[in-house]
Amino acid sequence: MKIIIHGGFFSESDQSHEVKVAKQNSLKEIATKGFEFLQNHSAEETVVYTVSLLEDDPLFNAGIGSQIQSDGKIRMSASLMNGETQKFSGVINIENVKNPIKVAQVLMKEQDRVLGGEGAKKYALEHGFEDFSTEIPQRRKEYEAKLKNGGKGTVGCVALDNNGKLAAATSTGGKGFEIVGRISDSATVAGNFANQHCAVSCTGVGEDIVSNATAAKIVTRVSDGMSIEKAFEKTFQELKEIDGFAGAIAIDQSGNFFHQDSYPTMVFASFDGIDFEVFD
Ligand code: GLY
């Protein structure tokens, strides 16, 4: 059983040492809770639970603390992929829901599993989700000051459960100040993908991740026999050719973790019950 999570990026030039320590501590705590949950739950249930904890933490750009778009509204995207069933579900540009990843989880049972905008919100309300504003004062201040410091924040989790099954979940508040209607990578197979061989979740600039098909490529390469290290190396080399800004976390079916970023520093933590690794 193993779990690895990410919470976007940390930049020494934009963020204080206190923020770095707060993110390290939060990721450690959330990875520990996720790992405990994994003892008695499937990989799919665990990645949803763990991403919902990340959505609830205003330090990260997903759920509470999401970036505000150019028209002053928050629209969030999240997706879930079960590596065993090969089913993908997600919401794109949903408003006023506390945990978009939980809406994606409910959608997993539907034939129509990726919903956008108003339809996604209507579905959430019909399935017991409350109207909930995820805005925090800090994001409003940034919006009003037009400080475009977003763009690279997303949260994600990949897990391997005690039955050897893999799953991936990813959630984002977007990049901030985006054109209304922009679709990020987080609810696409470029940003979140899993099968029985490998599970991957990405963070970074959505357009770059989609252009590079990052998560789908890494998973496909591992499925075709490449090691997880080599799959990352080749995929990130291709990302470099387009000067892409991204980071990704992954686990393969043997329990090998991997993470890489094209621009430092992706914020991540992994835990296997013995060893902890947290970004520095
Ligand atoms: N990866 C988040 C975004 O670009 O919206």
# chains A, B, ... in the order shown; residues from 1 in each chain; ligands from 1

call {"tool": "residues_around", "arguments": {"residues": "Tyr143 of chain A", "least_positions_apart": "2", "cutoff": "12 Å", "atoms": "only C-alpha atoms", "output": "list in words"}}
result
Ser66, Gln67, Ile68, Gln69, Ser70, Asp71, Gly72, Lys73, Ile74, Glu135, Ile136, Pro137, Gln138, Arg139, Arg140, Lys141, Ala145, Lys146, Leu147, Lys148, Asn149, Gly150, Lys175, Gly176, Phe177 and Glu178 of chain A

call {"tool": "residues_near_ligand", "arguments": {"ligand": "ligand 1", "cutoff": "6 Å", "atoms": "only C-alpha atoms and all ligand atoms", "output": "ChimeraX atom specification"}}
result
/A:151-154,172,174-175,184-186,203-206

call {"tool": "select_by_dssp", "arguments": {"residues": "segment 189-235 of chain A", "states": "alpha helix (DSSP H)", "output": "list in words"}}
result
Gly206, Glu207, Asp208, Ile209, Val210, Ser211, Asn212, Thr214, Ala215, Ala216, Lys217, Ile218, Val219, Thr220, Arg221, Val222, Ser223, Ile228, Glu229, Lys230, Ala231, Phe232, Glu233, Lys234 and Thr235 of chain A

call {"tool": "write_last_selection", "arguments": {"atoms": "N, CA, C and O atoms", "output": "mmCIF file, in the first residue's frame"}}
result
data_model
loop_
_atom_site.group_PDB
_atom_site.id
_atom_site.type_symbol
_atom_site.label_atom_id
_atom_site.label_comp_id
_atom_site.auth_asym_id
_atom_site.auth_seq_id
_atom_site.Cartn_x
_atom_site.Cartn_y
_atom_site.Cartn_z
ATOM 1 N N GLY A 206 -2.199 24.003 -17.447
ATOM 2 C CA GLY A 206 -3.100 23.052 -18.097
ATOM 3 C C GLY A 206 -2.863 22.904 -19.587
ATOM 4 O O GLY A 206 -2.875 21.794 -20.130
ATOM 5 N N GLU A 207 -2.620 24.032 -20.260
ATOM 6 C CA GLU A 207 -2.448 23.997 -21.719
ATOM 7 C C GLU A 207 -1.206 23.170 -22.087
ATOM 8 O O GLU A 207 -1.204 22.436 -23.081
ATOM 9 N N ASP A 208 -0.136 23.300 -21.283
ATOM 10 C CA ASP A 208 1.099 22.543 -21.549
ATOM 11 C C ASP A 208 0.867 21.051 -21.305
ATOM 12 O O ASP A 208 1.356 20.205 -22.064
ATOM 13 N N ILE A 209 0.129 20.738 -20.245
ATOM 14 C CA ILE A 209 -0.106 19.336 -19.890
ATOM 15 C C ILE A 209 -0.981 18.660 -20.955
ATOM 16 O O ILE A 209 -0.729 17.519 -21.358
ATOM 17 N N VAL A 210 -1.974 19.400 -21.451
ATOM 18 C CA VAL A 210 -2.832 18.863 -22.520
ATOM 19 C C VAL A 210 -2.018 18.701 -23.813
ATOM 20 O O VAL A 210 -2.096 17.665 -24.485
ATOM 21 N N SER A 211 -1.198 19.704 -24.141
ATOM 22 C CA SER A 211 -0.390 19.626 -25.377
ATOM 23 C C SER A 211 0.531 18.415 -25.355
ATOM 24 O O SER A 211 0.819 17.817 -26.399
ATOM 25 N N ASN A 212 1.016 18.078 -24.172
ATOM 26 C CA ASN A 212 1.973 16.973 -24.011
ATOM 27 C C ASN A 212 1.285 15.645 -23.689
ATOM 28 O O ASN A 212 1.922 14.594 -23.709
ATOM 29 N N THR A 214 0.403 14.480 -20.892
ATOM 30 C CA THR A 214 1.385 13.972 -19.930
ATOM 31 C C THR A 214 0.975 12.683 -19.203
ATOM 32 O O THR A 214 1.694 11.685 -19.256
ATOM 33 N N ALA A 215 -0.164 12.699 -18.503
ATOM 34 C CA ALA A 215 -0.528 11.525 -17.682
ATOM 35 C C ALA A 215 -0.788 10.305 -18.574
ATOM 36 O O ALA A 215 -0.309 9.197 -18.292
ATOM 37 N N ALA A 216 -1.525 10.510 -19.664
ATOM 38 C CA ALA A 216 -1.858 9.387 -20.555
ATOM 39 C C ALA A 216 -0.593 8.780 -21.168
ATOM 40 O O ALA A 216 -0.475 7.559 -21.310
ATOM 41 N N LYS A 217 0.370 9.647 -21.516
ATOM 42 C CA LYS A 217 1.621 9.140 -22.110
ATOM 43 C C LYS A 217 2.420 8.314 -21.110
ATOM 44 O O LYS A 217 2.933 7.246 -21.461
ATOM 45 N N ILE A 218 2.554 8.819 -19.884
ATOM 46 C CA ILE A 218 3.355 8.089 -18.885
ATOM 47 C C ILE A 218 2.720 6.718 -18.623
ATOM 48 O O ILE A 218 3.398 5.691 -18.629
ATOM 49 N N VAL A 219 1.396 6.711 -18.441
ATOM 50 C CA VAL A 219 0.708 5.441 -18.157
ATOM 51 C C VAL A 219 0.862 4.481 -19.342
ATOM 52 O O VAL A 219 1.134 3.286 -19.162
ATOM 53 N N THR A 220 0.713 4.981 -20.553
ATOM 54 C CA THR A 220 0.827 4.125 -21.744
ATOM 55 C C THR A 220 2.231 3.539 -21.859
ATOM 56 O O THR A 220 2.406 2.355 -22.169
ATOM 57 N N ARG A 221 3.213 4.371 -21.592
ATOM 58 C CA ARG A 221 4.607 3.894 -21.697
ATOM 59 C C ARG A 221 4.899 2.809 -20.663
ATOM 60 O O ARG A 221 5.553 1.809 -20.971
ATOM 61 N N VAL A 222 4.408 3.017 -19.445
ATOM 62 C CA VAL A 222 4.621 1.989 -18.405
ATOM 63 C C VAL A 222 3.864 0.708 -18.799
ATOM 64 O O VAL A 222 4.393 -0.403 -18.671
ATOM 65 N N SER A 223 2.656 0.851 -19.339
ATOM 66 C CA SER A 223 1.857 -0.317 -19.760
ATOM 67 C C SER A 223 2.570 -1.097 -20.862
ATOM 68 O O SER A 223 2.448 -2.316 -20.954
ATOM 69 N N ILE A 228 8.973 3.109 -14.876
ATOM 70 C CA ILE A 228 8.329 4.388 -14.537
ATOM 71 C C ILE A 228 9.337 5.539 -14.682
ATOM 72 O O ILE A 228 8.992 6.615 -15.186
ATOM 73 N N GLU A 229 10.594 5.299 -14.313
ATOM 74 C CA GLU A 229 11.631 6.347 -14.439
ATOM 75 C C GLU A 229 11.813 6.748 -15.903
ATOM 76 O O GLU A 229 11.852 7.923 -16.239
ATOM 77 N N LYS A 230 11.910 5.733 -16.780
ATOM 78 C CA LYS A 230 12.138 6.002 -18.219
ATOM 79 C C LYS A 230 10.914 6.676 -18.836
ATOM 80 O O LYS A 230 11.032 7.548 -19.697
ATOM 81 N N ALA A 231 9.729 6.245 -18.393
ATOM 82 C CA ALA A 231 8.494 6.849 -18.925
ATOM 83 C C ALA A 231 8.436 8.331 -18.568
ATOM 84 O O ALA A 231 8.059 9.174 -19.393
ATOM 85 N N PHE A 232 8.836 8.665 -17.343
ATOM 86 C CA PHE A 232 8.884 10.081 -16.941
ATOM 87 C C PHE A 232 9.954 10.817 -17.750
ATOM 88 O O PHE A 232 9.723 11.926 -18.223
ATOM 89 N N GLU A 233 11.123 10.190 -17.873
ATOM 90 C CA GLU A 233 12.236 10.863 -18.551
ATOM 91 C C GLU A 233 11.840 11.252 -19.975
ATOM 92 O O GLU A 233 12.013 12.387 -20.397
ATOM 93 N N LYS A 234 11.241 10.296 -20.700
ATOM 94 C CA LYS A 234 10.870 10.550 -22.099
ATOM 95 C C LYS A 234 9.752 11.594 -22.190
ATOM 96 O O LYS A 234 9.796 12.508 -23.006
ATOM 97 N N THR A 235 8.763 11.456 -21.307
ATOM 98 C CA THR A 235 7.610 12.373 -21.357
ATOM 99 C C THR A 235 8.023 13.792 -20.970
ATOM 100 O O THR A 235 7.578 14.771 -21.586
#

call {"tool": "residues_around", "arguments": {"residues": "segment 14-20 of chain A", "least_positions_apart": "4", "cutoff": "12 Å", "atoms": "only C-alpha atoms", "output": "list in words"}}
result
Gly7, Gly8, Phe9, Phe10, Gln24, Asn25, Ser26, Leu27, Pro58, Leu59, Phe60, Leu147, Lys148, Asn149, Gly150, Thr265, Met266, Val267, Phe268, Val278, Phe279 and Asp280 of chain A

call {"tool": "write_last_selection", "arguments": {"atoms": "C-alpha atoms", "output": "short mmCIF file (atom, residue, chain, number, x, y, z; two decimals), in the first residue's frame"}}
result
data_model
loop_
_atom_site.label_atom_id
_atom_site.label_comp_id
_atom_site.auth_asym_id
_atom_site.auth_seq_id
_atom_site.Cartn_x
_atom_site.Cartn_y
_atom_site.Cartn_z
CA GLY A 7 -0.36 20.37 -3.97
CA GLY A 8 0.85 22.37 -6.94
CA PHE A 9 4.09 24.36 -6.85
CA PHE A 10 6.14 26.38 -4.39
CA GLN A 24 5.16 20.67 4.07
CA ASN A 25 3.32 20.11 7.36
CA SER A 26 -0.08 19.99 5.74
CA LEU A 27 1.04 17.52 3.06
CA PRO A 58 -7.02 26.87 1.80
CA LEU A 59 -3.24 26.62 1.30
CA PHE A 60 -3.91 24.80 -1.97
CA LEU A 147 -1.80 39.61 -9.07
CA LYS A 148 -1.63 36.72 -11.50
CA ASN A 149 0.16 34.39 -9.14
CA GLY A 150 -1.92 31.35 -9.90
CA THR A 265 9.40 23.08 -7.13
CA MET A 266 6.42 20.75 -7.19
CA VAL A 267 4.91 20.40 -3.74
CA PHE A 268 4.43 16.70 -2.94
CA VAL A 278 8.24 15.55 1.40
CA PHE A 279 9.31 18.25 -1.07
CA ASP A 280 12.10 20.54 0.07
#

call {"tool": "closest_residue", "arguments": {"among": "A:Val91, A:Ala213, A:Val155, A:Val106", "to": "Lys23 of chain A", "atoms": "only C-alpha atoms"}}
result
A:Val155

call {"tool": "residues_around", "arguments": {"residues": "Glu45 of chain A", "least_positions_apart": "6", "cutoff": "12 Å", "atoms": "only C-alpha atoms", "output": "PyMOL selection string"}}
result
chain A and resi 34-35+37-39+51-52+80-82+101-102+104-106+108+157-161+165-169

call {"tool": "write_last_selection", "arguments": {"atoms": "N, CA and C atoms", "output": "tab-separated table (two decimals), in the first residue's frame"}}
result
chain	number	residue	atom	x	y	z
A	34	GLY	N	-4.38	9.91	4.61
A	34	GLY	CA	-4.71	9.14	3.41
A	34	GLY	C	-4.23	7.71	3.53
A	35	PHE	N	-3.00	7.55	4.03
A	35	PHE	CA	-2.44	6.21	4.17
A	35	PHE	C	-3.23	5.39	5.19
A	37	PHE	N	-6.37	5.76	5.91
A	37	PHE	CA	-7.65	5.45	5.26
A	37	PHE	C	-7.50	4.27	4.29
A	38	LEU	N	-6.34	4.22	3.63
A	38	LEU	CA	-6.06	3.17	2.64
A	38	LEU	C	-6.02	1.76	3.27
A	39	GLN	N	-5.79	1.69	4.58
A	39	GLN	CA	-5.74	0.38	5.25
A	39	GLN	C	-7.05	-0.39	5.06
A	51	VAL	N	-7.88	13.67	-1.74
A	51	VAL	CA	-8.01	14.92	-2.50
A	51	VAL	C	-9.04	15.84	-1.83
A	52	SER	N	-10.07	15.27	-1.20
A	52	SER	CA	-11.05	16.14	-0.51
A	52	SER	C	-10.39	16.86	0.67
A	80	LEU	N	-11.52	11.74	-11.52
A	80	LEU	CA	-11.19	10.52	-10.80
A	80	LEU	C	-11.02	9.42	-11.84
A	81	MET	N	-9.98	8.59	-11.68
A	81	MET	CA	-9.86	7.43	-12.58
A	81	MET	C	-9.51	6.19	-11.78
A	82	ASN	N	-10.30	5.15	-11.99
A	82	ASN	CA	-10.09	3.86	-11.36
A	82	ASN	C	-9.26	3.01	-12.33
A	101	ILE	N	-14.23	16.88	-6.15
A	101	ILE	CA	-13.82	15.49	-6.34
A	101	ILE	C	-14.91	14.52	-5.88
A	102	LYS	N	-15.71	14.94	-4.88
A	102	LYS	CA	-16.79	14.04	-4.41
A	102	LYS	C	-17.94	13.99	-5.43
A	104	ALA	N	-17.32	14.13	-8.64
A	104	ALA	CA	-16.75	13.18	-9.62
A	104	ALA	C	-16.96	11.75	-9.14
A	105	GLN	N	-16.83	11.53	-7.86
A	105	GLN	CA	-17.00	10.17	-7.30
A	105	GLN	C	-18.44	9.66	-7.50
A	106	VAL	N	-19.41	10.54	-7.27
A	106	VAL	CA	-20.81	10.13	-7.46
A	106	VAL	C	-21.08	9.85	-8.94
A	108	MET	N	-19.22	8.49	-11.01
A	108	MET	CA	-18.59	7.25	-11.47
A	108	MET	C	-19.62	6.17	-11.82
A	157	CYS	N	-3.78	12.99	-6.01
A	157	CYS	CA	-3.36	11.83	-5.22
A	157	CYS	C	-3.39	10.59	-6.12
A	158	VAL	N	-2.38	9.75	-5.99
A	158	VAL	CA	-2.43	8.41	-6.60
A	158	VAL	C	-2.16	7.40	-5.50
A	159	ALA	N	-2.84	6.27	-5.57
A	159	ALA	CA	-2.70	5.27	-4.50
A	159	ALA	C	-2.72	3.86	-5.07
A	160	LEU	N	-2.02	2.98	-4.34
A	160	LEU	CA	-2.01	1.54	-4.63
A	160	LEU	C	-2.57	0.86	-3.38
A	161	ASP	N	-3.67	0.12	-3.54
A	161	ASP	CA	-4.30	-0.46	-2.34
A	161	ASP	C	-3.80	-1.88	-2.06
A	165	LYS	N	-4.65	-2.63	-6.53
A	165	LYS	CA	-5.39	-1.78	-7.49
A	165	LYS	C	-4.91	-0.34	-7.38
A	166	LEU	N	-4.93	0.34	-8.51
A	166	LEU	CA	-4.46	1.73	-8.58
A	166	LEU	C	-5.60	2.69	-8.88
A	167	ALA	N	-5.46	3.94	-8.42
A	167	ALA	CA	-6.42	4.98	-8.79
A	167	ALA	C	-5.73	6.34	-8.73
A	168	ALA	N	-6.32	7.30	-9.46
A	168	ALA	CA	-5.79	8.67	-9.47
A	168	ALA	C	-6.93	9.66	-9.35
A	169	ALA	N	-6.69	10.76	-8.61
A	169	ALA	CA	-7.68	11.84	-8.51
A	169	ALA	C	-6.94	13.18	-8.55

call {"tool": "residues_around", "arguments": {"residues": "Asn162 of chain A", "least_positions_apart": "6", "cutoff": "12 Å", "atoms": "only C-alpha atoms", "output": "PyMOL selection string"}}
result
chain A and resi 1-3+35+37-44+46+253-255+272

call {"tool": "atom_distance", "arguments": {"atom1": "atom CA of Val21 of chain A", "atom2": "atom CA of Val200 of chain A"}}
result
25.4 Å

call {"tool": "closest_residue", "arguments": {"among": "A:Gly173, A:Asn195, A:Glu144, A:Ala190", "to": "Thr85 of chain A", "atoms": "only C-alpha atoms"}}
result
A:Asn195

call {"tool": "closest_residue", "arguments": {"among": "A:Asp243, A:Asp275, A:Glu130, A:Met226", "to": "Asp261 of chain A", "atoms": "only C-alpha atoms"}}
result
A:Asp243

call {"tool": "closest_residue", "arguments": {"among": "A:Ala31, A:Ala22, A:Leu54, A:Leu115", "to": "Ala187 of chain A", "atoms": "only C-alpha atoms"}}
result
A:Leu115

call {"tool": "residues_around", "arguments": {"residues": "Ser133 of chain A", "least_positions_apart": "3", "cutoff": "10 Å", "atoms": "only C-alpha atoms", "output": "PyMOL selection string"}}
result
chain A and resi 63-65+74+95-98+130+136

call {"tool": "write_last_selection", "arguments": {"atoms": "N, CA, C and O atoms", "output": "mmCIF file, in the first residue's frame"}}
result
data_model
loop_
_atom_site.group_PDB
_atom_site.id
_atom_site.type_symbol
_atom_site.label_atom_id
_atom_site.label_comp_id
_atom_site.auth_asym_id
_atom_site.auth_seq_id
_atom_site.Cartn_x
_atom_site.Cartn_y
_atom_site.Cartn_z
ATOM 1 N N GLY A 63 -10.901 23.418 -4.469
ATOM 2 C CA GLY A 63 -11.927 23.538 -3.431
ATOM 3 C C GLY A 63 -11.782 24.890 -2.726
ATOM 4 O O GLY A 63 -11.680 25.936 -3.378
ATOM 5 N N ILE A 64 -11.739 24.874 -1.384
ATOM 6 C CA ILE A 64 -11.584 26.130 -0.623
ATOM 7 C C ILE A 64 -10.203 26.722 -0.933
ATOM 8 O O ILE A 64 -9.191 26.029 -0.820
ATOM 9 N N GLY A 65 -10.195 28.000 -1.336
ATOM 10 C CA GLY A 65 -8.912 28.619 -1.696
ATOM 11 C C GLY A 65 -8.660 28.628 -3.189
ATOM 12 O O GLY A 65 -7.565 29.009 -3.630
ATOM 13 N N ILE A 74 -15.483 31.795 -9.221
ATOM 14 C CA ILE A 74 -14.628 30.614 -9.099
ATOM 15 C C ILE A 74 -15.302 29.468 -9.842
ATOM 16 O O ILE A 74 -16.495 29.212 -9.650
ATOM 17 N N GLU A 95 -19.349 25.393 -10.093
ATOM 18 C CA GLU A 95 -19.324 26.520 -9.145
ATOM 19 C C GLU A 95 -19.965 26.127 -7.827
ATOM 20 O O GLU A 95 -20.908 25.336 -7.795
ATOM 21 N N ASN A 96 -19.484 26.770 -6.756
ATOM 22 C CA ASN A 96 -20.132 26.689 -5.434
ATOM 23 C C ASN A 96 -20.407 25.280 -4.932
ATOM 24 O O ASN A 96 -21.531 24.955 -4.522
ATOM 25 N N VAL A 97 -19.388 24.454 -4.961
ATOM 26 C CA VAL A 97 -19.459 23.120 -4.361
ATOM 27 C C VAL A 97 -18.196 22.968 -3.516
ATOM 28 O O VAL A 97 -17.116 23.341 -3.960
ATOM 29 N N LYS A 98 -18.312 22.459 -2.306
ATOM 30 C CA LYS A 98 -17.138 22.389 -1.420
ATOM 31 C C LYS A 98 -16.092 21.410 -1.957
ATOM 32 O O LYS A 98 -14.908 21.700 -1.934
ATOM 33 N N GLU A 130 -24.414 20.590 -1.027
ATOM 34 C CA GLU A 130 -24.946 21.911 -0.680
ATOM 35 C C GLU A 130 -24.254 22.997 -1.480
ATOM 36 O O GLU A 130 -23.109 22.839 -1.894
ATOM 37 N N ILE A 136 -11.924 32.480 -0.514
ATOM 38 C CA ILE A 136 -11.310 32.984 0.722
ATOM 39 C C ILE A 136 -10.835 34.415 0.469
ATOM 40 O O ILE A 136 -10.531 34.781 -0.675
#

call {"tool": "select_by_dssp", "arguments": {"residues": "segment 11-102 of chain A", "states": "strand (DSSP E or B)", "output": "JSON, numbers by chain"}}
result
{"A": [76, 77, 78, 79, 80, 81, 82, 87, 88, 89, 90, 91, 92, 93, 94]}

call {"tool": "write_last_selection", "arguments": {"atoms": "N, CA, C and O atoms", "output": "short mmCIF file (atom, residue, chain, number, x, y, z; two decimals), in the first residue's frame"}}
result
data_model
loop_
_atom_site.label_atom_id
_atom_site.label_comp_id
_atom_site.auth_asym_id
_atom_site.auth_seq_id
_atom_site.Cartn_x
_atom_site.Cartn_y
_atom_site.Cartn_z
N MET A 76 -14.37 25.35 -10.72
CA MET A 76 -13.39 24.31 -10.36
C MET A 76 -13.57 23.06 -11.24
O MET A 76 -14.67 22.79 -11.73
N SER A 77 -12.47 22.33 -11.37
CA SER A 77 -12.52 21.08 -12.15
C SER A 77 -11.83 19.97 -11.37
O SER A 77 -10.85 20.22 -10.66
N ALA A 78 -12.37 18.76 -11.49
CA ALA A 78 -11.78 17.63 -10.77
C ALA A 78 -12.12 16.35 -11.51
O ALA A 78 -13.15 16.26 -12.18
N SER A 79 -11.23 15.35 -11.39
CA SER A 79 -11.54 14.06 -12.01
C SER A 79 -10.94 12.91 -11.22
O SER A 79 -10.05 13.08 -10.39
N LEU A 80 -11.52 11.74 -11.52
CA LEU A 80 -11.19 10.52 -10.80
C LEU A 80 -11.02 9.42 -11.84
O LEU A 80 -11.81 9.33 -12.78
N MET A 81 -9.98 8.59 -11.68
CA MET A 81 -9.86 7.43 -12.58
C MET A 81 -9.51 6.19 -11.78
O MET A 81 -8.56 6.18 -10.98
N ASN A 82 -10.30 5.15 -11.99
CA ASN A 82 -10.09 3.86 -11.36
C ASN A 82 -9.26 3.01 -12.33
O ASN A 82 -9.70 2.72 -13.45
N LYS A 87 -12.41 3.33 -15.65
CA LYS A 87 -13.45 4.35 -15.80
C LYS A 87 -12.92 5.69 -15.29
O LYS A 87 -12.24 5.75 -14.26
N PHE A 88 -13.32 6.73 -16.02
CA PHE A 88 -12.90 8.10 -15.71
C PHE A 88 -14.18 8.91 -15.48
O PHE A 88 -15.14 8.78 -16.24
N SER A 89 -14.21 9.74 -14.43
CA SER A 89 -15.36 10.62 -14.21
C SER A 89 -14.84 11.99 -13.80
O SER A 89 -13.74 12.10 -13.25
N GLY A 90 -15.65 13.02 -14.06
CA GLY A 90 -15.14 14.34 -13.68
C GLY A 90 -16.16 15.45 -13.82
O GLY A 90 -17.24 15.27 -14.40
N VAL A 91 -15.80 16.58 -13.22
CA VAL A 91 -16.60 17.80 -13.38
C VAL A 91 -15.68 18.90 -13.90
O VAL A 91 -14.51 18.97 -13.52
N ILE A 92 -16.22 19.71 -14.79
CA ILE A 92 -15.42 20.78 -15.39
C ILE A 92 -16.13 22.11 -15.14
O ILE A 92 -17.32 22.25 -15.43
N ASN A 93 -15.40 23.05 -14.55
CA ASN A 93 -15.94 24.40 -14.30
C ASN A 93 -17.22 24.39 -13.46
O ASN A 93 -18.20 25.07 -13.78
N ILE A 94 -17.19 23.65 -12.38
CA ILE A 94 -18.35 23.63 -11.46
C ILE A 94 -18.19 24.79 -10.46
O ILE A 94 -17.08 25.12 -10.05
#

call {"tool": "residues_around", "arguments": {"residues": "Lys28 of chain A", "least_positions_apart": "6", "cutoff": "9 Å", "atoms": "only C-alpha atoms", "output": "MDAnalysis selection string"}}
result
chainID A and resid 268:271 276:278

call {"tool": "write_last_selection", "arguments": {"atoms": "N, CA, C and O atoms", "output": "PDB file, in the first residue's frame"}}
result
ATOM      1  N   PHE A 268       4.978  18.065  -2.982  1.00  0.00           N
ATOM      2  CA  PHE A 268       4.430  16.703  -2.937  1.00  0.00           C
ATOM      3  C   PHE A 268       4.826  16.008  -1.637  1.00  0.00           C
ATOM      4  O   PHE A 268       5.743  16.449  -0.931  1.00  0.00           O
ATOM      5  N   ALA A 269       4.154  14.920  -1.326  1.00  0.00           N
ATOM      6  CA  ALA A 269       4.549  14.058  -0.201  1.00  0.00           C
ATOM      7  C   ALA A 269       4.156  12.632  -0.547  1.00  0.00           C
ATOM      8  O   ALA A 269       3.109  12.394  -1.173  1.00  0.00           O
ATOM      9  N   SER A 270       4.998  11.661  -0.137  1.00  0.00           N
ATOM     10  CA  SER A 270       4.644  10.255  -0.348  1.00  0.00           C
ATOM     11  C   SER A 270       4.843   9.491   0.950  1.00  0.00           C
ATOM     12  O   SER A 270       5.665   9.880   1.792  1.00  0.00           O
ATOM     13  N   PHE A 271       4.078   8.411   1.098  1.00  0.00           N
ATOM     14  CA  PHE A 271       4.170   7.612   2.323  1.00  0.00           C
ATOM     15  C   PHE A 271       3.794   6.172   2.000  1.00  0.00           C
ATOM     16  O   PHE A 271       2.822   5.910   1.289  1.00  0.00           O
ATOM     17  N   PHE A 276       8.724   8.374   4.617  1.00  0.00           N
ATOM     18  CA  PHE A 276       8.060   9.595   4.234  1.00  0.00           C
ATOM     19  C   PHE A 276       8.977  10.370   3.312  1.00  0.00           C
ATOM     20  O   PHE A 276      10.167  10.443   3.555  1.00  0.00           O
ATOM     21  N   GLU A 277       8.459  10.939   2.264  1.00  0.00           N
ATOM     22  CA  GLU A 277       9.258  11.882   1.486  1.00  0.00           C
ATOM     23  C   GLU A 277       8.402  13.134   1.279  1.00  0.00           C
ATOM     24  O   GLU A 277       7.225  13.022   0.914  1.00  0.00           O
ATOM     25  N   VAL A 278       8.970  14.287   1.579  1.00  0.00           N
ATOM     26  CA  VAL A 278       8.242  15.552   1.404  1.00  0.00           C
ATOM     27  C   VAL A 278       9.127  16.494   0.612  1.00  0.00           C
ATOM     28  O   VAL A 278      10.356  16.472   0.774  1.00  0.00           O
TER      29      VAL A 278
END
